[in-house]
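Raw contents of start00.cif, mmCIF, C-alpha atoms (C1' of nucleotides):
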data_structure
#
loop_
_atom_site.label_atom_id
_atom_site.label_comp_id
_atom_site.auth_asym_id
_atom_site.auth_seq_id
_atom_site.Cartn_x
_atom_site.Cartn_y
_atom_site.Cartn_z
CA MET A 1107 -65.40 26.74 162.28
CA ASN A 1108 -64.03 28.91 165.03
CA THR A 1109 -65.78 27.68 168.14
CA ASP A 1110 -62.87 28.57 170.42
CA LEU A 1111 -63.68 32.26 170.19
CA LEU A 1112 -67.31 31.53 171.00
CA LEU A 1113 -66.54 29.32 173.99
CA LYS A 1114 -64.17 31.95 175.38
CA ASN A 1115 -66.83 34.61 174.85
CA ILE A 1116 -69.25 32.56 176.91
CA ALA A 1117 -66.69 31.66 179.57
CA LYS A 1118 -66.43 35.36 180.42
CA HIS A 1119 -69.81 35.12 182.11
CA ILE A 1120 -70.76 31.50 182.85
CA GLN A 1121 -68.96 28.17 183.36
CA LEU A 1122 -70.01 25.23 181.19
CA THR A 1123 -69.22 21.53 181.58
CA PRO A 1124 -67.62 19.82 178.55
CA THR A 1125 -70.98 18.15 177.85
CA GLU A 1126 -72.80 21.45 177.91
CA GLN A 1127 -70.18 22.97 175.66
CA ALA A 1128 -70.59 20.18 173.13
CA HIS A 1129 -74.37 20.40 173.26
CA PHE A 1130 -74.24 24.15 172.72
CA ILE A 1131 -71.71 24.05 169.90
CA ALA A 1132 -73.82 21.44 168.10
CA LEU A 1133 -76.61 24.02 167.88
CA MET A 1134 -74.47 26.70 166.24
CA LYS A 1135 -74.70 26.72 162.45
CA PRO A 1136 -71.80 28.30 160.54
CA ARG A 1137 -72.36 30.65 157.63
CA SER A 1138 -69.99 32.54 155.37
CA LEU A 1139 -70.87 35.91 153.87
CA LYS A 1140 -69.27 37.72 150.98
CA ARG A 1141 -68.48 41.42 151.11
CA LYS A 1142 -71.76 43.43 150.87
CA GLU A 1143 -73.85 40.28 151.29
CA MET A 1144 -77.01 40.82 153.38
CA MET A 1145 -77.66 38.67 156.45
CA LEU A 1146 -81.03 40.31 157.08
CA GLN A 1147 -83.23 42.79 155.23
CA ALA A 1148 -85.78 45.23 156.66
CA GLY A 1149 -89.21 43.58 156.47
CA GLU A 1150 -87.84 40.13 157.25
CA VAL A 1151 -88.18 38.32 160.56
CA SER A 1152 -84.89 37.86 162.42
CA ARG A 1153 -84.75 34.17 163.28
CA HIS A 1154 -81.24 33.85 164.73
CA SER A 1155 -78.78 35.25 167.21
CA THR A 1156 -75.54 35.84 165.34
CA PHE A 1157 -72.00 35.53 166.69
CA VAL A 1158 -69.21 36.90 164.47
CA THR A 1159 -65.95 34.93 164.28
CA LYS A 1160 -64.26 36.68 161.32
CA GLY A 1161 -64.78 39.86 159.31
CA CYS A 1162 -67.36 42.46 160.32
CA LEU A 1163 -71.11 43.05 160.12
CA ARG A 1164 -73.06 46.26 160.46
CA SER A 1165 -76.73 46.91 161.20
CA TYR A 1166 -78.48 49.99 159.86
CA THR A 1167 -81.85 51.52 158.95
CA LEU A 1168 -82.95 53.56 155.97
CA ASP A 1169 -84.79 56.79 156.78
CA LYS A 1170 -87.61 58.22 154.66
CA ASN A 1171 -85.08 60.12 152.50
CA GLY A 1172 -83.17 56.94 151.77
CA TYR A 1173 -80.20 57.76 153.99
CA GLU A 1174 -78.54 55.00 156.00
CA HIS A 1175 -78.05 55.25 159.77
CA VAL A 1176 -75.64 52.75 161.31
CA LEU A 1177 -76.91 51.26 164.55
CA ALA A 1178 -74.04 48.88 165.29
CA PHE A 1179 -70.84 47.31 164.07
CA ALA A 1180 -70.08 43.69 164.92
CA PRO A 1181 -66.41 42.71 164.58
CA PRO A 1182 -65.24 39.25 165.73
CA ASP A 1183 -66.30 38.22 169.25
CA TRP A 1184 -69.55 40.27 169.05
CA TRP A 1185 -73.20 39.19 169.02
CA ILE A 1186 -75.66 40.98 166.73
CA ALA A 1187 -79.37 40.76 165.82
CA ASP A 1188 -82.38 42.86 165.03
CA MET A 1189 -83.47 42.50 168.64
CA TYR A 1190 -86.92 43.92 168.06
CA SER A 1191 -87.68 41.43 165.33
CA PHE A 1192 -85.93 38.59 167.13
CA ILE A 1193 -87.94 38.87 170.34
CA SER A 1194 -91.29 39.70 168.72
CA GLN A 1195 -90.82 37.48 165.65
CA LYS A 1196 -92.35 40.27 163.59
CA PRO A 1197 -90.83 41.93 160.50
CA GLY A 1198 -87.98 44.21 161.53
CA THR A 1199 -86.61 47.52 160.34
CA LEU A 1200 -82.90 46.72 160.28
CA TYR A 1201 -80.55 45.65 157.55
CA ILE A 1202 -77.57 43.54 158.60
CA GLU A 1203 -74.78 43.45 156.04
CA ALA A 1204 -71.26 42.04 155.80
CA MET A 1205 -68.71 44.83 155.34
CA GLU A 1206 -66.04 42.36 154.26
CA PRO A 1207 -65.83 38.56 153.87
CA THR A 1208 -67.32 37.41 157.16
CA GLU A 1209 -67.89 34.19 159.10
CA VAL A 1210 -70.66 33.81 161.64
CA LEU A 1211 -72.22 31.19 163.91
CA LEU A 1212 -76.02 31.18 164.05
CA LEU A 1213 -78.25 30.14 166.93
CA SER A 1214 -81.91 29.78 166.00
CA LYS A 1215 -84.57 31.39 168.15
CA ALA A 1216 -86.12 27.96 168.84
CA ASP A 1217 -82.80 26.45 169.92
CA GLN A 1218 -82.05 29.45 172.10
CA GLN A 1219 -85.42 29.16 173.86
CA GLN A 1220 -84.86 25.43 174.32
CA LEU A 1221 -81.43 26.16 175.77
CA TYR A 1222 -82.92 28.58 178.32
CA GLY A 1223 -85.14 25.77 179.64
CA ASP A 1224 -82.52 23.00 179.49
CA ILE A 1225 -79.56 24.93 180.88
CA PRO A 1226 -80.59 28.04 182.89
CA LYS A 1227 -77.01 29.25 182.80
CA PHE A 1228 -77.65 30.29 179.20
CA GLU A 1229 -80.54 32.47 180.25
CA ARG A 1230 -78.07 34.13 182.60
CA PHE A 1231 -75.51 34.49 179.85
CA PHE A 1232 -77.86 36.24 177.46
CA ARG A 1233 -79.30 38.36 180.26
CA ILE A 1234 -75.80 39.66 180.97
CA ILE A 1235 -75.05 40.23 177.28
CA VAL A 1236 -78.23 42.25 176.83
CA GLU A 1237 -77.63 44.21 180.04
CA ASN A 1238 -74.25 45.30 178.72
CA ALA A 1239 -75.69 46.13 175.31
CA PHE A 1240 -78.41 48.19 177.00
CA VAL A 1241 -75.87 50.17 179.02
CA SER A 1242 -73.86 50.89 175.85
CA SER A 1243 -76.96 51.97 173.98
CA GLN A 1244 -78.02 54.35 176.76
CA GLN A 1245 -74.55 55.82 177.00
CA ARG A 1246 -74.46 56.39 173.27
CA LEU A 1247 -77.87 58.04 173.46
CA LEU A 1248 -76.65 60.43 176.16
CA ASP A 1249 -73.52 61.13 174.12
CA ASN A 1250 -75.69 62.06 171.15
CA LEU A 1251 -77.78 64.38 173.32
CA SER A 1252 -74.89 66.12 175.07
CA LEU A 1253 -71.73 66.01 172.94
CA THR A 1254 -70.57 67.56 169.66
CA ALA A 1255 -69.77 65.39 166.64
CA GLN A 1256 -66.07 65.97 167.39
CA GLU A 1257 -66.40 64.55 170.90
CA ARG A 1258 -68.53 61.62 169.77
CA PHE A 1259 -65.81 60.75 167.27
CA ARG A 1260 -63.16 60.85 169.99
CA ILE A 1261 -65.26 58.44 172.06
CA PHE A 1262 -65.69 56.17 169.05
CA CYS A 1263 -61.91 56.09 168.65
CA GLU A 1264 -61.42 55.11 172.28
CA LYS A 1265 -64.12 52.45 172.21
CA TYR A 1266 -63.36 50.85 168.83
CA PRO A 1267 -59.67 51.58 168.10
CA SER A 1268 -59.40 48.72 165.61
CA LEU A 1269 -62.47 49.83 163.65
CA VAL A 1270 -61.26 53.43 163.26
CA THR A 1271 -58.55 52.36 160.86
CA SER A 1272 -60.35 49.50 159.12
CA LEU A 1273 -63.79 50.99 158.38
CA PRO A 1274 -64.66 53.42 155.58
CA ARG A 1275 -65.03 56.93 157.00
CA LYS A 1276 -68.51 57.15 155.57
CA GLN A 1277 -69.59 54.34 157.90
CA ILE A 1278 -68.03 55.93 160.96
CA ALA A 1279 -69.70 59.23 160.05
CA SER A 1280 -73.05 57.47 159.91
CA TYR A 1281 -72.46 55.79 163.27
CA ILE A 1282 -71.62 59.00 165.09
CA GLY A 1283 -74.51 60.75 163.36
CA VAL A 1284 -73.09 63.18 160.78
CA THR A 1285 -72.92 63.34 156.98
CA PRO A 1286 -69.77 62.10 155.20
CA GLU A 1287 -69.18 65.69 153.98
CA PHE A 1288 -69.23 67.15 157.44
CA PHE A 1289 -67.10 64.30 158.81
CA SER A 1290 -64.45 65.06 156.19
CA LYS A 1291 -64.35 68.75 157.16
CA MET A 1292 -64.22 67.83 160.84
CA MET A 1293 -61.18 65.60 160.29
CA LYS A 1294 -59.27 68.36 158.57
CA SER A 1295 -59.78 70.96 161.27
CA ALA A 1296 -58.87 68.56 164.10
CA MET K 412 -98.00 49.24 199.67
CA ASN K 413 -99.18 48.57 196.16
CA THR K 414 -97.97 45.07 195.42
CA ASP K 415 -100.88 44.31 193.08
CA LEU K 416 -99.38 46.49 190.37
CA LEU K 417 -96.03 44.76 190.78
CA LEU K 418 -97.48 41.25 190.67
CA LYS K 419 -99.44 42.12 187.54
CA ASN K 420 -96.30 43.59 186.00
CA ILE K 421 -94.50 40.31 186.58
CA ALA K 422 -97.41 38.16 185.48
CA LYS K 423 -97.07 39.68 181.99
CA HIS K 424 -93.96 37.57 181.46
CA ILE K 425 -93.77 34.72 184.00
CA GLN K 426 -96.19 32.70 186.17
CA LEU K 427 -95.50 32.52 189.89
CA THR K 428 -96.98 30.21 192.51
CA PRO K 429 -98.56 31.92 195.56
CA THR K 430 -95.52 30.88 197.62
CA GLU K 431 -93.13 32.41 195.11
CA GLN K 432 -95.22 35.57 195.02
CA ALA K 433 -95.08 35.88 198.81
CA HIS K 434 -91.36 35.20 198.87
CA PHE K 435 -90.75 37.83 196.22
CA ILE K 436 -92.98 40.48 197.79
CA ALA K 437 -91.23 39.99 201.12
CA LEU K 438 -87.99 41.15 199.46
CA MET K 439 -89.45 44.41 198.14
CA LYS K 440 -88.89 47.37 200.44
CA PRO K 441 -91.26 50.34 200.06
CA ARG K 442 -90.02 53.90 200.00
CA SER K 443 -91.78 57.24 199.65
CA LEU K 444 -90.17 60.22 197.96
CA LYS K 445 -91.15 63.86 198.10
CA ARG K 446 -91.25 66.05 195.02
CA LYS K 447 -87.66 66.81 193.89
CA GLU K 448 -86.21 64.26 196.33
CA MET K 449 -83.20 62.36 194.93
CA MET K 450 -83.25 58.56 194.84
CA LEU K 451 -79.72 58.40 193.46
CA GLN K 452 -76.93 60.90 192.81
CA ALA K 453 -74.15 60.75 190.26
CA GLY K 454 -71.07 59.29 191.97
CA GLU K 455 -73.09 56.92 194.12
CA VAL K 456 -73.40 53.18 193.58
CA SER K 457 -76.88 52.03 192.52
CA ARG K 458 -77.77 49.22 194.95
CA HIS K 459 -81.39 48.52 193.99
CA SER K 460 -83.76 47.83 191.16
CA THR K 461 -86.66 50.25 191.53
CA PHE K 462 -90.31 49.65 190.64
CA VAL K 463 -92.58 52.71 190.62
CA THR K 464 -96.13 52.31 192.01
CA LYS K 465 -97.18 55.98 192.25
CA GLY K 466 -95.91 59.34 191.00
CA CYS K 467 -93.02 59.59 188.56
CA LEU K 468 -89.21 59.39 188.56
CA ARG K 469 -86.76 60.64 185.98
CA SER K 470 -83.11 59.77 185.36
CA TYR K 471 -80.72 62.32 183.88
CA THR K 472 -77.07 63.32 183.53
CA LEU K 473 -75.35 66.66 183.82
CA ASP K 474 -73.03 67.56 180.94
CA LYS K 475 -69.84 69.55 181.33
CA ASN K 476 -71.75 72.83 180.89
CA GLY K 477 -74.13 71.91 183.69
CA TYR K 478 -77.10 71.17 181.43
CA GLU K 479 -79.42 68.28 182.26
CA HIS K 480 -80.19 65.53 179.74
CA VAL K 481 -83.14 63.30 180.57
CA LEU K 482 -82.47 59.62 179.91
CA ALA K 483 -85.77 58.17 181.08
CA PHE K 484 -89.08 58.82 182.77
CA ALA K 485 -90.55 56.17 185.06
CA PRO K 486 -94.28 56.51 185.70
CA PRO K 487 -96.16 53.80 187.65
CA ASP K 488 -95.63 50.21 186.43
CA TRP K 489 -92.07 50.99 185.25
CA TRP K 490 -88.69 49.73 186.44
CA ILE K 491 -85.76 52.12 186.63
CA ALA K 492 -82.08 52.03 187.68
CA ASP K 493 -78.66 53.34 186.76
CA MET K 494 -78.00 50.07 184.97
CA TYR K 495 -74.29 50.72 184.51
CA SER K 496 -73.76 51.30 188.20
CA PHE K 497 -76.15 48.53 189.21
CA ILE K 498 -74.43 45.79 187.23
CA SER K 499 -70.85 46.94 187.86
CA GLN K 500 -71.44 48.17 191.44
CA LYS K 501 -69.24 51.14 190.60
CA PRO K 502 -70.14 54.84 191.01
CA GLY K 503 -72.62 55.86 188.30
CA THR K 504 -73.25 58.99 186.27
CA LEU K 505 -77.02 59.26 186.60
CA TYR K 506 -79.26 61.23 188.90
CA ILE K 507 -82.66 59.72 189.66
CA GLU K 508 -85.17 62.19 191.03
CA ALA K 509 -88.86 62.20 191.98
CA MET K 510 -90.79 64.65 189.80
CA GLU K 511 -93.77 64.55 192.19
CA PRO K 512 -94.62 62.67 195.39
CA THR K 513 -93.67 59.13 194.45
CA GLU K 514 -93.87 55.61 195.90
CA VAL K 515 -91.47 52.88 194.92
CA LEU K 516 -90.63 49.29 195.78
CA LEU K 517 -86.93 48.48 196.04
CA LEU K 518 -85.19 45.17 195.33
CA SER K 519 -81.59 45.04 196.52
CA LYS K 520 -78.88 43.78 194.19
CA ALA K 521 -78.06 40.96 196.64
CA ASP K 522 -81.70 39.83 196.87
CA GLN K 523 -82.08 39.98 193.11
CA GLN K 524 -78.99 37.80 192.59
CA GLN K 525 -80.28 35.37 195.21
CA LEU K 526 -83.63 35.27 193.45
CA TYR K 527 -81.96 34.38 190.14
CA GLY K 528 -80.44 31.32 191.77
CA ASP K 529 -83.49 30.29 193.81
CA ILE K 530 -86.17 30.84 191.18
CA PRO K 531 -84.77 30.85 187.61
CA LYS K 532 -88.06 32.30 186.37
CA PHE K 533 -86.91 35.64 187.77
CA GLU K 534 -83.78 35.55 185.67
CA ARG K 535 -86.13 35.10 182.71
CA PHE K 536 -88.31 37.97 183.86
CA PHE K 537 -85.46 40.44 184.12
CA ARG K 538 -83.92 39.21 180.87
CA ILE K 539 -87.17 40.04 179.10
CA ILE K 540 -87.47 43.43 180.82
CA VAL K 541 -83.94 44.37 179.78
CA GLU K 542 -84.47 43.07 176.23
CA ASN K 543 -87.46 45.38 175.85
CA ALA K 544 -85.59 48.31 177.38
CA PHE K 545 -82.72 47.66 174.98
CA VAL K 546 -85.02 47.68 171.95
CA SER K 547 -86.58 50.98 173.11
CA SER K 548 -83.18 52.52 173.66
CA GLN K 549 -81.97 51.51 170.20
CA GLN K 550 -85.12 52.81 168.56
CA ARG K 551 -84.75 56.13 170.36
CA LEU K 552 -81.13 56.31 169.26
CA LEU K 553 -82.14 55.78 165.63
CA ASP K 554 -84.89 58.39 166.01
CA ASN K 555 -82.32 60.88 167.29
CA LEU K 556 -80.06 60.13 164.33
CA SER K 557 -82.71 60.31 161.63
CA LEU K 558 -85.62 62.53 162.70
CA THR K 559 -86.16 66.24 163.35
CA ALA K 560 -87.11 67.52 166.81
CA GLN K 561 -90.69 67.92 165.56
CA GLU K 562 -90.93 64.26 164.59
CA ARG K 563 -89.28 63.07 167.80
CA PHE K 564 -91.87 65.02 169.75
CA ARG K 565 -94.70 63.40 167.79
CA ILE K 566 -93.28 59.99 168.64
CA PHE K 567 -92.97 60.96 172.29
CA CYS K 568 -96.66 61.94 172.28
CA GLU K 569 -97.64 58.57 170.82
CA LYS K 570 -95.48 56.58 173.19
CA TYR K 571 -96.20 58.46 176.44
CA PRO K 572 -99.62 60.14 175.97
CA SER K 573 -100.16 60.50 179.70
CA LEU K 574 -96.77 62.15 180.29
CA VAL K 575 -97.27 64.76 177.57
CA THR K 576 -99.91 66.53 179.63
CA SER K 577 -98.51 65.92 183.10
CA LEU K 578 -94.80 66.74 182.67
CA PRO K 579 -93.24 70.23 182.54
CA ARG K 580 -92.39 71.07 178.93
CA LYS K 581 -88.80 71.69 179.93
CA GLN K 582 -88.45 68.01 180.84
CA ILE K 583 -89.99 66.82 177.59
CA ALA K 584 -87.68 69.16 175.67
CA SER K 585 -84.70 67.63 177.45
CA TYR K 586 -85.89 64.10 176.70
CA ILE K 587 -86.29 64.71 172.97
CA GLY K 588 -82.99 66.57 172.90
CA VAL K 589 -83.71 70.28 172.40
CA THR K 590 -83.52 73.41 174.56
CA PRO K 591 -86.67 74.67 176.33
CA GLU K 592 -86.51 77.84 174.19
CA PHE K 593 -86.51 75.93 170.94
CA PHE K 594 -89.22 73.60 172.18
CA SER K 595 -91.42 76.59 172.93
CA LYS K 596 -90.95 77.99 169.42
CA MET K 597 -91.60 74.58 167.90
CA MET K 598 -94.91 74.25 169.73
CA LYS K 599 -96.12 77.59 168.43
CA SER K 600 -95.42 76.86 164.79
CA ALA K 601 -97.00 73.38 164.90
"C1'" DC E 1128 -99.57 85.88 198.75
"C1'" DG E 1129 -94.79 85.83 197.66
"C1'" DT E 1130 -91.11 83.62 195.65
"C1'" DC E 1131 -89.09 80.54 192.68
"C1'" DT E 1132 -89.26 78.18 188.48
"C1'" DA E 1133 -91.18 77.41 183.95
"C1'" DT E 1134 -92.32 79.41 179.64
"C1'" DT E 1135 -92.21 82.73 176.03
"C1'" DT E 1136 -90.08 86.03 172.90
"C1'" DG E 1137 -86.42 88.14 170.14
"C1'" DA E 1138 -81.91 88.77 168.08
"C1'" DA E 1139 -77.52 87.04 166.98
"C1'" DT E 1140 -74.83 82.91 166.33
"C1'" DG E 1141 -73.17 78.24 165.39
"C1'" DT E 1142 -73.17 73.59 164.11
"C1'" DA E 1143 -74.22 70.62 160.84
"C1'" DC E 1144 -76.78 69.76 156.31
"C1'" DT E 1145 -77.73 69.98 151.17
"C1'" DC E 1146 -76.35 70.09 146.64
"C1'" DA E 1147 -72.93 69.94 143.14
"C1'" DA E 1148 -68.67 68.64 141.38
"C1'" DA E 1149 -63.83 67.21 141.46
"C1'" DA E 1150 -60.33 64.12 143.14
"C1'" DG E 1151 -58.78 59.82 145.12
"C1'" DC E 1152 -58.86 55.00 146.10
"C1'" DG E 1153 -59.76 50.11 145.79
"C1'" DG E 1154 -61.98 45.96 144.13
"C1'" DT E 1155 -62.85 43.24 140.28
"C1'" DG E 1156 -62.35 41.40 135.82
"C1'" DG E 1157 -59.64 40.85 131.92
"C1'" DC P 523 -50.81 42.41 137.34
"C1'" DC P 524 -52.81 46.22 135.38
"C1'" DA P 525 -56.51 49.22 134.09
"C1'" DC P 526 -60.91 50.54 134.50
"C1'" DC P 527 -65.08 51.56 136.86
"C1'" DG P 528 -67.59 52.63 140.82
"C1'" DC P 529 -67.69 54.17 145.25
"C1'" DT P 530 -65.52 57.02 148.84
"C1'" DT P 531 -63.64 61.24 150.16
"C1'" DT P 532 -62.85 66.01 149.60
"C1'" DT P 533 -64.03 70.83 148.64
"C1'" DG P 534 -66.99 74.92 148.29
"C1'" DA P 535 -71.06 77.77 148.55
"C1'" DG P 536 -75.44 78.50 150.30
"C1'" DT P 537 -78.92 77.12 153.80
"C1'" DA P 538 -81.51 75.23 157.78
"C1'" DC P 539 -82.21 73.71 162.20
"C1'" DA P 540 -81.26 74.50 166.66
"C1'" DT P 541 -78.50 77.09 170.32
"C1'" DT P 542 -77.10 80.97 173.29
"C1'" DC P 543 -78.00 84.93 175.85
"C1'" DA P 544 -81.04 88.29 177.72
"C1'" DA P 545 -85.25 89.78 179.38
"C1'" DA P 546 -90.23 89.78 180.00
"C1'" DT P 547 -94.24 87.10 181.38
"C1'" DA P 548 -96.81 83.44 183.34
"C1'" DG P 549 -97.63 79.85 186.54
"C1'" DA P 550 -97.25 76.80 190.56
"C1'" DC P 551 -95.94 75.38 195.23
"C1'" DG P 552 -95.45 76.14 199.96
#

Output the file's structure as structure tokens, nothing else.
Amino acid sequence: MNTDLLLKNIAKHIQLTPTEQAHFIALMKPRSLKRKEMMLQAGEVSRHSTFVTKGCLRSYTLDKNGYEHVLAFAPPDWWIADMYSFISQKPGTLYIEAMEPTEVLLLSKADQQQLYGDIPKFERFFRIIVENAFVSSQQRLLDNLSLTAQERFRIFCEKYPSLVTSLPRKQIASYIGVTPEFFSKMMKSA
Amino acid sequence: MNTDLLLKNIAKHIQLTPTEQAHFIALMKPRSLKRKEMMLQAGEVSRHSTFVTKGCLRSYTLDKNGYEHVLAFAPPDWWIADMYSFISQKPGTLYIEAMEPTEVLLLSKADQQQLYGDIPKFERFFRIIVENAFVSSQQRLLDNLSLTAQERFRIFCEKYPSLVTSLPRKQIASYIGVTPEFFSKMMKSA
DNA sequence: CGTCTATTTGAATGTACTCAAAAGCGGTGG
DNA sequence: CCACCGCTTTTGAGTACATTCAAATAGACG
């Protein structure tokens, strides 16, 4: 299992001793997912923080008309969860699905809480991760309020250059908040 | 200055000893703002976390056409900041303005960092605050992607019942992402 | 009380959606 | 490795939700 990527991800924000590294890694449980396999379904309780080492996950909701709305993509080196469900331990509203064969490392809620108490540096690490996620989410919200679909797509291209070429257009359309039909027309005229 | 509200706000998530409480309160600097007074301008660096004890703040951006887009309202018992600027200590994009005579308590970035090291419970407190803010932000993003203006307004009414009656409709319109003109028409037909 | 801002109203416009159907592409099994 | 099937992408016509601009009215703060 690819723990190098994870340790480097963590080293961006906190420094761990070799012992702490080993202790932490021992808590991470690997899991492989097939293409289209579900990590989490709406209605379930999210019991883990998930770190992606290979492939790609996406989280989305279904609206009352049955349409999907993509909340996030998680390529390698990203953390993902249904944060609402994870912190409240109540049934969530998100689906998390593998878009291709994917490998993840799972940290259980209990182990994560334990880690916060044992090694406060980890509380700092996850605080920083969530702060950054919050900033991104707010920026995306403002982009949705103030920009056209065309401009939101341009920003998506800048922010996720590798995903632009690898993801189905339908998924990108959903992320930026337009229908696949409109996205197709937009691409032609641009 | 109203430190009771602040101590109760904190007690929702962590327990402090009387000494810790006193130490913390000593770091909070009070400030009064007049109606329409700016706490922060776009282009400035956000140097404090702000806790509102009276009145109401709002954060917003200006788009390239000069239109305002409200990111957040902060009535009493709420924390607010330009999180991007606060964590990066770079010039931000948000304006934070008092909507009415407002009283706040300010915690400087330096003092907050110090607090994280001295009393790890505070790192936990702010982690939890940001986690909740992140969940709200994501939910609002999904609402903007999947609901009509009508439905977003209904959700706003449920979530901020006190603000619905006290805020100018123009501000609510901006928050839910429609023009004041359309908001007016929507209210008539509903 | 006066002025400035918020709100309403109306008409014309635009951006993006819905529905339907054809064309293209890719994964999976034989 | 190929062919088929299913899903993605495209295309077109009609429609809806929301915007823009202009102007009248109402309301609130100093």

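Atom CA of Arg1141 of chain A is found 16.5 Å from atom C1' of DG1156 of chain E.
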
Near chain K, 6 Å: chain A residue rows, closest pairs, all atoms listed in the file, as CSV:
residue,atom,partner,partner_atom,distance
A:Tyr1190,CA,K:Val546,CA,5.7
A:Arg1233,CA,K:Arg538,CA,4.7
A:Phe1240,CA,K:Phe545,CA,4.8
A:Val1241,CA,K:Tyr495,CA,5.7
A:Leu1247,CA,K:Leu552,CA,5.6
A:Leu1251,CA,K:Gly588,CA,5.7
A:Gly1283,CA,K:Leu556,CA,5.7

* Mind listing as a list of chain:residue names which residues of chain E are within 9 Å of chain K, counting all atoms listed in the file? ->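 Filtering chain E at 9 Å from chain K with all atoms listed in the file gives E:DA1133, E:DT1134, E:DT1135, E:DT1136.
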
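The residues of chain P lying at most 10 Å from chain A, with all atoms listed in the file taken into account, are DT530, DT531, DT532 and DT533 of chain P.
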
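The two atoms in question, atom CA of Phe1157 of chain A and atom CA of Ile1186 of chain A, are spaced 6.6 Å apart.
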
* Which polymer residues have any atom within 10 Å of an atom of segment 1137-1152 of chain E, counting all atoms listed in the file, with same-chain residues fewer than 5 positions away left out, as a PyMOL selection string? -> (chain A and resi 1254-1255+1284-1285+1287-1289) or (chain P and resi 529-545)

* Evaluate the PyMOL selection byres ((chain P and resi 551) around 10) here and jot the selected residues down as a ChimeraX atom specification. => /E:1130-1132 /P:549-550,552

* Hey, can you check how far atom CA of Val515 of chain K sits from atom CA of Asn420 of chain K? ->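 Computed distance, atom CA of Val515 of chain K to atom CA of Asn420 of chain K, equals 13.8 Å.
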
* Residues around (-92.3, 57.9, 195.9), cut-off 7 Å, counting only C-alpha atoms (C1' of nucleotides) - what are they as a list in words? ->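 Nearby residues: Arg442, Ser443, Leu444, Lys445, Lys465, Gly466, Ala509, Pro512, Thr513, Glu514 and Val515 of chain K.
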
Is it possible to get the axis-aligned box enclosing segment 1129-1145 of chain E (all listed atoms, 8 Å extra per side) as lines of an AutoDock Vina configuration file, with centre and edge lengths in Å rounded to one decimal?
center_x = -84.0
center_y = 79.3
center_z = 174.4
size_x = 37.6
size_y = 35.0
size_z = 62.5

Can you give me N, CA and C atoms for segment 450-462 of chain K, written as a PDB file, keeping the file's coordinate frame?
ATOM      1  N   MET K 450     -83.387  59.978 194.499  1.00  0.00           N
ATOM      2  CA  MET K 450     -83.250  58.560 194.840  1.00  0.00           C
ATOM      3  C   MET K 450     -81.797  58.153 194.707  1.00  0.00           C
ATOM      4  N   LEU K 451     -81.097  58.768 193.759  1.00  0.00           N
ATOM      5  CA  LEU K 451     -79.720  58.400 193.460  1.00  0.00           C
ATOM      6  C   LEU K 451     -79.001  59.626 192.902  1.00  0.00           C
ATOM      7  N   GLN K 452     -77.744  59.799 193.314  1.00  0.00           N
ATOM      8  CA  GLN K 452     -76.930  60.900 192.810  1.00  0.00           C
ATOM      9  C   GLN K 452     -75.775  60.343 191.978  1.00  0.00           C
ATOM     10  N   ALA K 453     -75.347  61.128 191.002  1.00  0.00           N
ATOM     11  CA  ALA K 453     -74.150  60.750 190.260  1.00  0.00           C
ATOM     12  C   ALA K 453     -72.995  60.584 191.247  1.00  0.00           C
ATOM     13  N   GLY K 454     -72.178  59.551 191.050  1.00  0.00           N
ATOM     14  CA  GLY K 454     -71.070  59.290 191.970  1.00  0.00           C
ATOM     15  C   GLY K 454     -71.399  58.226 192.989  1.00  0.00           C
ATOM     16  N   GLU K 455     -72.691  57.987 193.192  1.00  0.00           N
ATOM     17  CA  GLU K 455     -73.090  56.920 194.120  1.00  0.00           C
ATOM     18  C   GLU K 455     -73.194  55.587 193.383  1.00  0.00           C
ATOM     19  N   VAL K 456     -73.193  54.504 194.150  1.00  0.00           N
ATOM     20  CA  VAL K 456     -73.400  53.180 193.580  1.00  0.00           C
ATOM     21  C   VAL K 456     -74.885  52.830 193.682  1.00  0.00           C
ATOM     22  N   SER K 457     -75.466  52.404 192.556  1.00  0.00           N
ATOM     23  CA  SER K 457     -76.880  52.030 192.520  1.00  0.00           C
ATOM     24  C   SER K 457     -77.034  50.625 193.107  1.00  0.00           C
ATOM     25  N   ARG K 458     -77.699  50.507 194.239  1.00  0.00           N
ATOM     26  CA  ARG K 458     -77.770  49.220 194.950  1.00  0.00           C
ATOM     27  C   ARG K 458     -79.108  48.512 194.831  1.00  0.00           C
ATOM     28  N   HIS K 459     -80.052  49.120 194.084  1.00  0.00           N
ATOM     29  CA  HIS K 459     -81.390  48.520 193.990  1.00  0.00           C
ATOM     30  C   HIS K 459     -81.960  48.622 192.571  1.00  0.00           C
ATOM     31  N   SER K 460     -82.837  47.659 192.277  1.00  0.00           N
ATOM     32  CA  SER K 460     -83.760  47.830 191.160  1.00  0.00           C
ATOM     33  C   SER K 460     -84.997  48.494 191.735  1.00  0.00           C
ATOM     34  N   THR K 461     -85.544  49.465 190.996  1.00  0.00           N
ATOM     35  CA  THR K 461     -86.660  50.250 191.530  1.00  0.00           C
ATOM     36  C   THR K 461     -87.900  50.070 190.669  1.00  0.00           C
ATOM     37  N   PHE K 462     -89.016  49.763 191.331  1.00  0.00           N
ATOM     38  CA  PHE K 462     -90.310  49.650 190.640  1.00  0.00           C
ATOM     39  C   PHE K 462     -91.212  50.761 191.155  1.00  0.00           C
TER      40      PHE K 462
END
